[in-house]
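Engineer: One structure is given below, represented as structure tokens, and several questions about it will come after.
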Amino acid sequence: IFLIMILDLGFSNYVDNTSYGPGTAANDFAPGGTEDWFKLSDGKSRSVNIWFFMQRLNMIKHVVNLKYGLGLELNNYHFEDKRIKFNENPTSIDQTYSGLSKNKLAADYLTVPMMINFNFTPTKRSNFGISAGISAGYLYSARQKIKVDGDVDKTKGDFNLREWKLSYIGEIALGPIKLYGSYAFKSMFEKGLDLTPYNVGFRFSNW
């Protein structure tokens with residue numbers, strides 16, 4: 001089975017395992033930084049995935065299948081502390097902004113997912129099943145977007161984000177309702193911060 005265009009809508013977040021304080025890598029990257037600096041506005045931090053294609057290859061009686069595809073993962077991380085500023089050359093983080101109404105970090109990946117799919121109702125169009133596997137995503141764009149006094153400013157850079165994101169991924173199909181989730185192998189940052197990203201949400205697909 002071959003399908004073009006699947007859309008995911010959900011939420012982005014991360015688990016913060018960073019060691020803060022003097023003498024730490026985090027302090028070198030974000031001087032004076034604390035866990036509160038990087039708390040997210042959960043309702044605003046969103047995940048949008050656009051899958052250009054998804055293919056399901058029969059392995060055992062259409063019950064066990066190999067499922068893979070190609071698409072874009074678009075992650076927006078909205079900070080509760082809107083003073084956070086990412087600087088480039090060298091990359092660092094400080095709290096120099098004030099009076100902002102919007103402050104987010106966007107990280108976008110070109111991603112290949114690969115899963116083992118178990119379809120418990122192979123003869124029905126609206127199936128019940130589960131899928132689990134891994135994905136590999138290449139960071140093709142990262143930027144910080146802020147809004148102050150109605151003006152929008154974007155700063156592009158890699159901000160020490162890892163070039164590659166490897167994640168555990170899963171999917172649950174409950175007839176017309178489909179859920180997805182992902183959890184990265186390691187921190188989204190190469191150094192300084194230990195923030196392991198995860199996404200959860202709804203998948204809009206007819207199989």
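Ordered as shown in the structure tokens, chains take letters A, B, and onward, while each chain numbers its residues from 1 and ligands are numbered from 1 in the order shown.
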Determine, counting only C-alpha atoms, which protein, DNA and RNA residues have an atom within 8 Å of an atom of segment 157-169 of chain A; residues of the same chain fewer than 3 positions away are not included. Present the result as a ChimeraX atom specification.

Structural biologist: /A:86-88,91-92,113,115,132-139,141-143,180-186,188-191

Engineer: Using only C-alpha atoms, which of the listed residues (A:Ser101, A:Thr111, A:Ser12, A:Ser47) sits closest to Leu72 of chain A?

Structural biologist: A:Thr111

Engineer: Would you pick out the contacts of Thr121 of chain A at 12 Å or less, using only C-alpha atoms, so that residues sharing its chain but fewer than 3 positions from it are not included, and give the list as JSON, numbers by chain?

Structural biologist: {"A": [61, 62, 63, 64, 117, 118, 124, 125, 126, 127, 128, 129, 130, 173, 174, 175, 207]}

Engineer: Separation of atom CA of Asn49 of chain A and atom CA of Asn13 of chain A, in Å?

Structural biologist: 14.6 Å

Engineer: As an exercise, work out the distance from atom CA of Lys39 of chain A to atom CA of Gly192 of chain A in Å and give it to one decimal place.

Structural biologist: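 These two atoms are separated by 16.0 Å.
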
Engineer: Contacts of Pro22 of chain A at 10 Å or less, counting only C-alpha atoms, minus same-chain residues fewer than 6 places along, as a ChimeraX atom specification?

Structural biologist: /A:28,31-33

Engineer: Rounded to one decimal in Å, what is the spacing between atom CA of Ile172 of chain A and atom CA of Ala107 of chain A?

Structural biologist: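 Value for the atom CA of Ile172 of chain A-atom CA of Ala107 of chain A distance: 25.1 Å.
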
Engineer: Restricting the calculation to only C-alpha atoms, which member of A:Ala106, A:Val48, A:Met5, A:Ile93 is positioned closest to Phe29 of chain A?

Structural biologist: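 Among the listed residues, the smallest separation from Phe29 of chain A belongs to A:Ile93.
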
Engineer: Out of A:Thr24, A:Gln55, A:Gln144, A:Asn65, which residue has the shortest atom-to-atom distance to His78 of chain A when counting only C-alpha atoms?

Structural biologist: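 Using only C-alpha atoms, His78 of chain A sits closest to A:Gln144.
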
Engineer: Excluding same-chain residues fewer than 5 positions from Asp36 of chain A, what lies within 12 Å of it counting only C-alpha atoms, as a PyMOL selection string?

Structural biologist: chain A and resi 16+18+20+41+79-84+95

Engineer: Would you return as a VMD selection string the members of segment 6-181 of chain A that DSSP assigns to helix (DSSP H, G or I) on this structure's backbone?

Structural biologist: chain A and resid 25 to 29 35 to 38

Engineer: Could those residues be written to a file, using N, CA, C and O atoms, as a PDB file, in the first residue's frame?

Structural biologist:
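File written: again-v1.pdb
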ATOM      1  N   ALA A  25      28.828  22.618  31.921  1.00  0.00           N
ATOM      2  CA  ALA A  25      28.773  22.941  30.491  1.00  0.00           C
ATOM      3  C   ALA A  25      27.599  23.864  30.186  1.00  0.00           C
ATOM      4  O   ALA A  25      27.679  24.719  29.300  1.00  0.00           O
ATOM      5  N   ALA A  26      26.512  23.689  30.940  1.00  0.00           N
ATOM      6  CA  ALA A  26      25.347  24.544  30.732  1.00  0.00           C
ATOM      7  C   ALA A  26      25.662  25.998  31.064  1.00  0.00           C
ATOM      8  O   ALA A  26      25.192  26.921  30.380  1.00  0.00           O
ATOM      9  N   ASN A  27      26.476  26.219  32.087  1.00  0.00           N
ATOM     10  CA  ASN A  27      26.814  27.589  32.471  1.00  0.00           C
ATOM     11  C   ASN A  27      27.707  28.251  31.429  1.00  0.00           C
ATOM     12  O   ASN A  27      27.640  29.469  31.229  1.00  0.00           O
ATOM     13  N   ASP A  28      28.540  27.453  30.761  1.00  0.00           N
ATOM     14  CA  ASP A  28      29.366  27.998  29.681  1.00  0.00           C
ATOM     15  C   ASP A  28      28.496  28.395  28.490  1.00  0.00           C
ATOM     16  O   ASP A  28      28.776  29.377  27.802  1.00  0.00           O
ATOM     17  N   PHE A  29      27.438  27.610  28.233  1.00  0.00           N
ATOM     18  CA  PHE A  29      26.558  27.825  27.084  1.00  0.00           C
ATOM     19  C   PHE A  29      25.509  28.892  27.377  1.00  0.00           C
ATOM     20  O   PHE A  29      25.181  29.712  26.524  1.00  0.00           O
ATOM     21  N   GLU A  35      16.841  25.861  35.100  1.00  0.00           N
ATOM     22  CA  GLU A  35      15.776  25.086  34.455  1.00  0.00           C
ATOM     23  C   GLU A  35      14.592  25.955  34.070  1.00  0.00           C
ATOM     24  O   GLU A  35      13.938  25.721  33.051  1.00  0.00           O
ATOM     25  N   ASP A  36      14.314  26.994  34.851  1.00  0.00           N
ATOM     26  CA  ASP A  36      13.181  27.877  34.564  1.00  0.00           C
ATOM     27  C   ASP A  36      13.354  28.627  33.246  1.00  0.00           C
ATOM     28  O   ASP A  36      12.363  29.002  32.608  1.00  0.00           O
ATOM     29  N   TRP A  37      14.608  28.848  32.832  1.00  0.00           N
ATOM     30  CA  TRP A  37      14.839  29.543  31.569  1.00  0.00           C
ATOM     31  C   TRP A  37      14.184  28.810  30.401  1.00  0.00           C
ATOM     32  O   TRP A  37      13.709  29.430  29.467  1.00  0.00           O
ATOM     33  N   PHE A  38      14.210  27.478  30.467  1.00  0.00           N
ATOM     34  CA  PHE A  38      13.863  26.673  29.298  1.00  0.00           C
ATOM     35  C   PHE A  38      12.528  25.953  29.420  1.00  0.00           C
ATOM     36  O   PHE A  38      12.220  25.077  28.630  1.00  0.00           O
TER      37      PHE A  38
END
